[in-house]
Amino acid sequence: MITRFLLSNMDRRGYAFLASVAAIGLLVPLANLLMPAGSPLHVSTATMSLWGKYLCYALLAISLDLVWGYCGILSLGHGAFFALGGYAMGMYLMRQIGSRGVYGNPILPDFMVFLNWQELPWYWYGFSSFPFAMLMVLAVPGLLAFVFGWFAFRSRVTGVYLSIITQALTYALLLAFFRNDMGFGGNNGLTDFKDILGFNVQAQGTRAALFAMTCTMLISGFLIARGIVTSKLGKVVIAIRDAESRTRFLGYRVDRFKLFVFTVSACMAGVAGALYVPQVGIINPSEFAPANSIETVIWVAVGGRGSLVGAALGAVVVNWAKTMFTSGFMAPYWLFALGALFVFVTLFMPKGILGTVQGWWEKRRKPEAMPAAEPAPAE
């Protein structure tokens, strides 16, 4: 029943996206594990981890497009939800190190021993359990989004004012997590992970499994977001985006619809962060930087706002370009290139890459109108 609902009225782009991600999630790990290193079909572990990071960003972009593209909420703080999900996963991974740390303490992580902490803080309890950690991956970003949205949306804060407040939120978290007394590793963050679910996090098989799980979560996130925007709830959300005052006048509780979508989006961003951390190997306060949230907005704009597939495409394309630009002589100019790309898309491709290509394709396929037949002369 649920699957039929999620796949109902799926367009070609949606099916192509699902098929592509599913194929990538299956073929890339197999190419990494089964093909010998000298084979042209072999995918290195480093390349697989890099593209796994891109796919985590794609899930983050979809979560932002859900609130910005369909609900009209320009959040400049989605990087905070991403980072909180990452810290929840990082805390679980740190608890798995046990006595294998530098200081050999079976309870306290190395940074706590270095800072002369005597006991584990209460908010670290439970993170030795994987189910509890996964619950926190959803609960912490979701609860923060719910509380923030409850006050913001009930107060009818909209537009640029809401964007500034979300940016202030992520900056406040950045400053808080930089403090050593917060118990999250301070400036260095959480790193030196060993195991996940008993498997070596650096092992080739574990990396392949993480990549496949990232593809699975990307598909799930896309289906959930699409299920929302194509439902009756989604129609109201789109109406809020286009005419909020009129929608409120019709009797809808606009703040409740916004709050629901914002909370779901934050949970999706938290899942993206949790998948990101074991593949990258570190989580630190720099993930809270407002610039990261702004980059996420650029991904969505480049790919196509209001198109879930376009948002994911924009995240992959921009981050692939970032890798290319920052690995050679063009490294000092990446931020200039990113800014120029955003300006170019805003001025000449307002619908993003996907929307522009789709419009061009539909225009080409549209048959030329037949000239109207001239009326016969009257006798």
# chains A, B, ... in the order shown; residues from 1 in each chain; ligands from 1

call {"tool": "closest_atom_pairs", "arguments": {"of": "range 114-170 of chain A", "to": "range 272-286 of chain A", "cutoff": "10 Å", "atoms": "only C-alpha atoms", "output": "CSV"}}
result
residue,atom,partner,partner_atom,distance
A:Ala133,CA,A:Ala274,CA,9.6
A:Met134,CA,A:Ala274,CA,8.3
A:Val137,CA,A:Ala274,CA,6.7
A:Leu138,CA,A:Ala274,CA,9.5

call {"tool": "residues_around", "arguments": {"residues": "Leu120 in chain A", "least_positions_apart": "5", "cutoff": "10 Å", "atoms": "only C-alpha atoms", "output": "ChimeraX atom specification"}}
result
/A:107-109,112,125,183

call {"tool": "select_by_dssp", "arguments": {"residues": "range 289-343 of chain A", "states": "helix (DSSP H, G or I)", "output": "ChimeraX atom specification"}}
result
/A:290-303,308-325,331-343

call {"tool": "residues_around", "arguments": {"residues": "Arg179 in chain A", "least_positions_apart": "4", "cutoff": "12 Å", "atoms": "only C-alpha atoms", "output": "list in words"}}
result
Leu115, Ala172, Leu173, Leu174, Leu175, Gly183, Phe184, Gly185, Gly186, Asn187, Asn188, Gly189, Asn284 and Pro285 of chain A

call {"tool": "residues_around", "arguments": {"residues": "Leu233 in chain A", "least_positions_apart": "4", "cutoff": "12 Å", "atoms": "only C-alpha atoms", "output": "list in words"}}
result
Tyr70, Cys71, Ala225, Arg226, Gly227, Ile228, Val229, Val237, Ile238, Ala239, Ile240, Tyr252, Arg253, Val254, Arg256, Phe257, Lys258, Phe260 and Val261 of chain A

call {"tool": "select_by_dssp", "arguments": {"residues": "range 97-311 of chain A", "states": "strand (DSSP E or B)", "output": "PyMOL selection string"}}
result
chain A and resi 190-191+195-196+199-200+282-283

call {"tool": "write_last_selection", "arguments": {"atoms": "C-alpha atoms", "output": "JSON list (two decimals), in the first residue's frame"}}
result
[["chain", "number", "residue", "atom", "x", "y", "z"],
["A", 190, "LEU", "CA", 35.40, 13.48, 16.92],
["A", 191, "THR", "CA", 37.71, 11.24, 14.86],
["A", 195, "ASP", "CA", 34.34, 0.04, 14.34],
["A", 196, "ILE", "CA", 30.72, 0.30, 13.30],
["A", 199, "PHE", "CA", 33.08, -4.14, 11.60],
["A", 200, "ASN", "CA", 36.26, -2.22, 10.93],
["A", 282, "ILE", "CA", 35.69, 12.97, 11.17],
["A", 283, "ILE", "CA", 33.07, 15.42, 12.42]]

call {"tool": "residues_around", "arguments": {"residues": "Ala145 in chain A", "least_positions_apart": "2", "cutoff": "8 Å", "atoms": "only C-alpha atoms", "output": "PyMOL selection string"}}
result
chain A and resi 141-143+147-149+262-263+266

call {"tool": "write_last_selection", "arguments": {"atoms": "N, CA and C atoms", "output": "PDB file, in the first residue's frame"}}
result
ATOM      1  N   PRO A 141      18.113  16.480  15.644  1.00  0.00           N
ATOM      2  CA  PRO A 141      17.778  17.521  14.651  1.00  0.00           C
ATOM      3  C   PRO A 141      16.273  17.773  14.569  1.00  0.00           C
ATOM      4  N   GLY A 142      15.468  16.702  14.681  1.00  0.00           N
ATOM      5  CA  GLY A 142      14.028  16.882  14.594  1.00  0.00           C
ATOM      6  C   GLY A 142      13.476  17.709  15.737  1.00  0.00           C
ATOM      7  N   LEU A 143      13.958  17.457  16.948  1.00  0.00           N
ATOM      8  CA  LEU A 143      13.483  18.213  18.104  1.00  0.00           C
ATOM      9  C   LEU A 143      13.903  19.674  18.017  1.00  0.00           C
ATOM     10  N   VAL A 147      11.193  22.733  17.887  1.00  0.00           N
ATOM     11  CA  VAL A 147      11.151  23.830  18.857  1.00  0.00           C
ATOM     12  C   VAL A 147      11.376  25.169  18.154  1.00  0.00           C
ATOM     13  N   PHE A 148      12.372  25.210  17.282  1.00  0.00           N
ATOM     14  CA  PHE A 148      12.655  26.445  16.547  1.00  0.00           C
ATOM     15  C   PHE A 148      11.453  26.838  15.689  1.00  0.00           C
ATOM     16  N   GLY A 149      10.915  25.878  14.942  1.00  0.00           N
ATOM     17  CA  GLY A 149       9.793  26.174  14.070  1.00  0.00           C
ATOM     18  C   GLY A 149       8.542  26.547  14.828  1.00  0.00           C
ATOM     19  N   PHE A 262       9.159  21.242   7.999  1.00  0.00           N
ATOM     20  CA  PHE A 262      10.468  21.667   8.494  1.00  0.00           C
ATOM     21  C   PHE A 262      11.085  20.588   9.376  1.00  0.00           C
ATOM     22  N   THR A 263      10.287  19.945  10.210  1.00  0.00           N
ATOM     23  CA  THR A 263      10.795  18.900  11.099  1.00  0.00           C
ATOM     24  C   THR A 263      11.216  17.665  10.314  1.00  0.00           C
ATOM     25  N   ALA A 266      14.480  18.357   8.624  1.00  0.00           N
ATOM     26  CA  ALA A 266      15.617  18.318   9.548  1.00  0.00           C
ATOM     27  C   ALA A 266      16.035  16.886   9.854  1.00  0.00           C
TER      28      ALA A 266
END

call {"tool": "closest_residue", "arguments": {"among": "A:Phe177, A:Gly304, A:Gly77, A:Asp255", "to": "Phe151 in chain A", "atoms": "only C-alpha atoms"}}
result
A:Asp255

call {"tool": "residues_around", "arguments": {"residues": "Val67 in chain A", "least_positions_apart": "5", "cutoff": "8 Å", "atoms": "only C-alpha atoms", "output": "list of chain:residue names"}}
result
A:Gly72, A:Ile73, A:Leu74, A:Ser75, A:Val261, A:Phe262, A:Ser265

call {"tool": "write_last_selection", "arguments": {"atoms": "N, CA and C atoms", "output": "compact mmCIF listing (two decimals), in the first residue's frame"}}
result
# COMPACT_ATOMS: atom_id res chain seq x y z
N GLY A 72 8.59 27.22 0.43
CA GLY A 72 9.00 28.61 0.39
C GLY A 72 9.79 29.07 1.59
N ILE A 73 10.31 28.14 2.39
CA ILE A 73 11.10 28.49 3.57
C ILE A 73 12.58 28.42 3.20
N LEU A 74 13.23 29.54 3.05
CA LEU A 74 14.65 29.56 2.73
C LEU A 74 15.44 29.41 4.02
N SER A 75 15.86 28.18 4.30
CA SER A 75 16.63 27.90 5.50
C SER A 75 18.12 28.04 5.21
N VAL A 261 6.65 20.00 7.81
CA VAL A 261 7.62 19.85 6.72
C VAL A 261 9.02 20.21 7.19
N PHE A 262 9.16 21.24 8.00
CA PHE A 262 10.47 21.67 8.49
C PHE A 262 11.09 20.59 9.38
N SER A 265 12.16 17.58 7.24
CA SER A 265 13.36 17.96 6.50
C SER A 265 14.60 17.90 7.38

call {"tool": "decode", "arguments": {"residues": "range 70-85 of chain A", "atoms": "all heavy atoms", "output": "mmCIF file, in the first residue's frame"}}
result
data_model
loop_
_atom_site.group_PDB
_atom_site.id
_atom_site.type_symbol
_atom_site.label_atom_id
_atom_site.label_comp_id
_atom_site.auth_asym_id
_atom_site.auth_seq_id
_atom_site.Cartn_x
_atom_site.Cartn_y
_atom_site.Cartn_z
ATOM 1 N N TYR A 70 9.373 23.748 -2.126
ATOM 2 C CA TYR A 70 7.944 23.430 -2.096
ATOM 3 C C TYR A 70 7.175 24.197 -1.028
ATOM 4 O O TYR A 70 5.963 24.347 -1.142
ATOM 5 C CB TYR A 70 7.747 21.929 -1.880
ATOM 6 C CG TYR A 70 8.178 21.118 -3.072
ATOM 7 C CD1 TYR A 70 9.461 20.597 -3.156
ATOM 8 C CD2 TYR A 70 7.311 20.895 -4.129
ATOM 9 C CE1 TYR A 70 9.871 19.853 -4.256
ATOM 10 C CE2 TYR A 70 7.707 20.158 -5.245
ATOM 11 C CZ TYR A 70 8.989 19.641 -5.291
ATOM 12 O OH TYR A 70 9.385 18.915 -6.392
ATOM 13 N N CYS A 71 7.859 24.642 0.027
ATOM 14 C CA CYS A 71 7.163 25.359 1.091
ATOM 15 C C CYS A 71 7.552 26.832 1.153
ATOM 16 O O CYS A 71 6.921 27.611 1.863
ATOM 17 C CB CYS A 71 7.433 24.689 2.439
ATOM 18 S SG CYS A 71 6.306 25.160 3.757
ATOM 19 N N GLY A 72 8.588 27.215 0.430
ATOM 20 C CA GLY A 72 8.998 28.611 0.392
ATOM 21 C C GLY A 72 9.789 29.072 1.592
ATOM 22 O O GLY A 72 9.948 30.283 1.812
ATOM 23 N N ILE A 73 10.305 28.144 2.393
ATOM 24 C CA ILE A 73 11.104 28.494 3.573
ATOM 25 C C ILE A 73 12.578 28.415 3.196
ATOM 26 O O ILE A 73 13.126 27.318 3.039
ATOM 27 C CB ILE A 73 10.809 27.540 4.748
ATOM 28 C CG1 ILE A 73 9.329 27.551 5.099
ATOM 29 C CG2 ILE A 73 11.648 27.917 5.964
ATOM 30 C CD1 ILE A 73 8.941 26.484 6.114
ATOM 31 N N LEU A 74 13.227 29.545 3.054
ATOM 32 C CA LEU A 74 14.655 29.557 2.730
ATOM 33 C C LEU A 74 15.443 29.411 4.021
ATOM 34 O O LEU A 74 15.646 30.375 4.757
ATOM 35 C CB LEU A 74 15.040 30.845 2.005
ATOM 36 C CG LEU A 74 16.530 31.004 1.690
ATOM 37 C CD1 LEU A 74 17.052 29.813 0.896
ATOM 38 C CD2 LEU A 74 16.790 32.307 0.947
ATOM 39 N N SER A 75 15.860 28.184 4.296
ATOM 40 C CA SER A 75 16.631 27.903 5.502
ATOM 41 C C SER A 75 18.119 28.037 5.209
ATOM 42 O O SER A 75 18.642 27.357 4.327
ATOM 43 C CB SER A 75 16.313 26.491 6.002
ATOM 44 O OG SER A 75 17.193 26.119 7.048
ATOM 45 N N LEU A 76 18.773 28.896 5.965
ATOM 46 C CA LEU A 76 20.228 29.031 5.872
ATOM 47 C C LEU A 76 20.906 28.355 7.055
ATOM 48 O O LEU A 76 22.032 28.692 7.406
ATOM 49 C CB LEU A 76 20.619 30.512 5.823
ATOM 50 C CG LEU A 76 20.126 31.295 4.602
ATOM 51 C CD1 LEU A 76 20.602 32.744 4.672
ATOM 52 C CD2 LEU A 76 20.593 30.644 3.307
ATOM 53 N N GLY A 77 20.214 27.392 7.638
ATOM 54 C CA GLY A 77 20.770 26.683 8.784
ATOM 55 C C GLY A 77 20.647 25.184 8.699
ATOM 56 O O GLY A 77 20.780 24.492 9.712
ATOM 57 N N HIS A 78 20.401 24.663 7.497
ATOM 58 C CA HIS A 78 20.250 23.213 7.384
ATOM 59 C C HIS A 78 21.554 22.472 7.645
ATOM 60 O O HIS A 78 21.540 21.279 7.959
ATOM 61 C CB HIS A 78 19.689 22.845 6.006
ATOM 62 C CG HIS A 78 18.261 22.422 6.062
ATOM 63 N ND1 HIS A 78 17.276 23.213 6.634
ATOM 64 C CD2 HIS A 78 17.631 21.291 5.648
ATOM 65 C CE1 HIS A 78 16.117 22.587 6.551
ATOM 66 N NE2 HIS A 78 16.311 21.415 5.969
ATOM 67 N N GLY A 79 22.667 23.170 7.507
ATOM 68 C CA GLY A 79 23.940 22.557 7.858
ATOM 69 C C GLY A 79 24.002 22.172 9.327
ATOM 70 O O GLY A 79 24.721 21.237 9.699
ATOM 71 N N ALA A 80 23.242 22.876 10.182
ATOM 72 C CA ALA A 80 23.223 22.545 11.610
ATOM 73 C C ALA A 80 22.571 21.191 11.840
ATOM 74 O O ALA A 80 23.055 20.383 12.635
ATOM 75 C CB ALA A 80 22.477 23.637 12.376
ATOM 76 N N PHE A 81 21.465 20.907 11.156
ATOM 77 C CA PHE A 81 20.800 19.613 11.311
ATOM 78 C C PHE A 81 21.685 18.490 10.768
ATOM 79 O O PHE A 81 21.738 17.403 11.344
ATOM 80 C CB PHE A 81 19.458 19.633 10.582
ATOM 81 C CG PHE A 81 18.560 20.761 10.996
ATOM 82 C CD1 PHE A 81 17.941 21.567 10.049
ATOM 83 C CD2 PHE A 81 18.341 21.035 12.335
ATOM 84 C CE1 PHE A 81 17.121 22.614 10.425
ATOM 85 C CE2 PHE A 81 17.512 22.088 12.727
ATOM 86 C CZ PHE A 81 16.902 22.871 11.764
ATOM 87 N N PHE A 82 22.366 18.758 9.669
ATOM 88 C CA PHE A 82 23.310 17.812 9.097
ATOM 89 C C PHE A 82 24.418 17.492 10.093
ATOM 90 O O PHE A 82 24.770 16.326 10.318
ATOM 91 C CB PHE A 82 23.887 18.407 7.815
ATOM 92 C CG PHE A 82 24.905 17.564 7.116
ATOM 93 C CD1 PHE A 82 24.522 16.564 6.236
ATOM 94 C CD2 PHE A 82 26.264 17.792 7.297
ATOM 95 C CE1 PHE A 82 25.465 15.787 5.568
ATOM 96 C CE2 PHE A 82 27.215 17.033 6.640
ATOM 97 C CZ PHE A 82 26.815 16.027 5.766
ATOM 98 N N ALA A 83 24.975 18.532 10.725
ATOM 99 C CA ALA A 83 26.067 18.340 11.676
ATOM 100 C C ALA A 83 25.606 17.632 12.942
ATOM 101 O O ALA A 83 26.334 16.804 13.501
ATOM 102 C CB ALA A 83 26.697 19.691 12.019
ATOM 103 N N LEU A 84 24.396 17.933 13.415
ATOM 104 C CA LEU A 84 23.899 17.272 14.624
ATOM 105 C C LEU A 84 23.715 15.774 14.392
ATOM 106 O O LEU A 84 24.041 14.963 15.266
ATOM 107 C CB LEU A 84 22.578 17.911 15.054
ATOM 108 C CG LEU A 84 22.682 19.317 15.653
ATOM 109 C CD1 LEU A 84 21.301 19.906 15.864
ATOM 110 C CD2 LEU A 84 23.461 19.289 16.968
ATOM 111 N N GLY A 85 23.197 15.401 13.226
ATOM 112 C CA GLY A 85 23.113 13.979 12.896
ATOM 113 C C GLY A 85 24.480 13.346 12.827
ATOM 114 O O GLY A 85 24.689 12.205 13.269
#
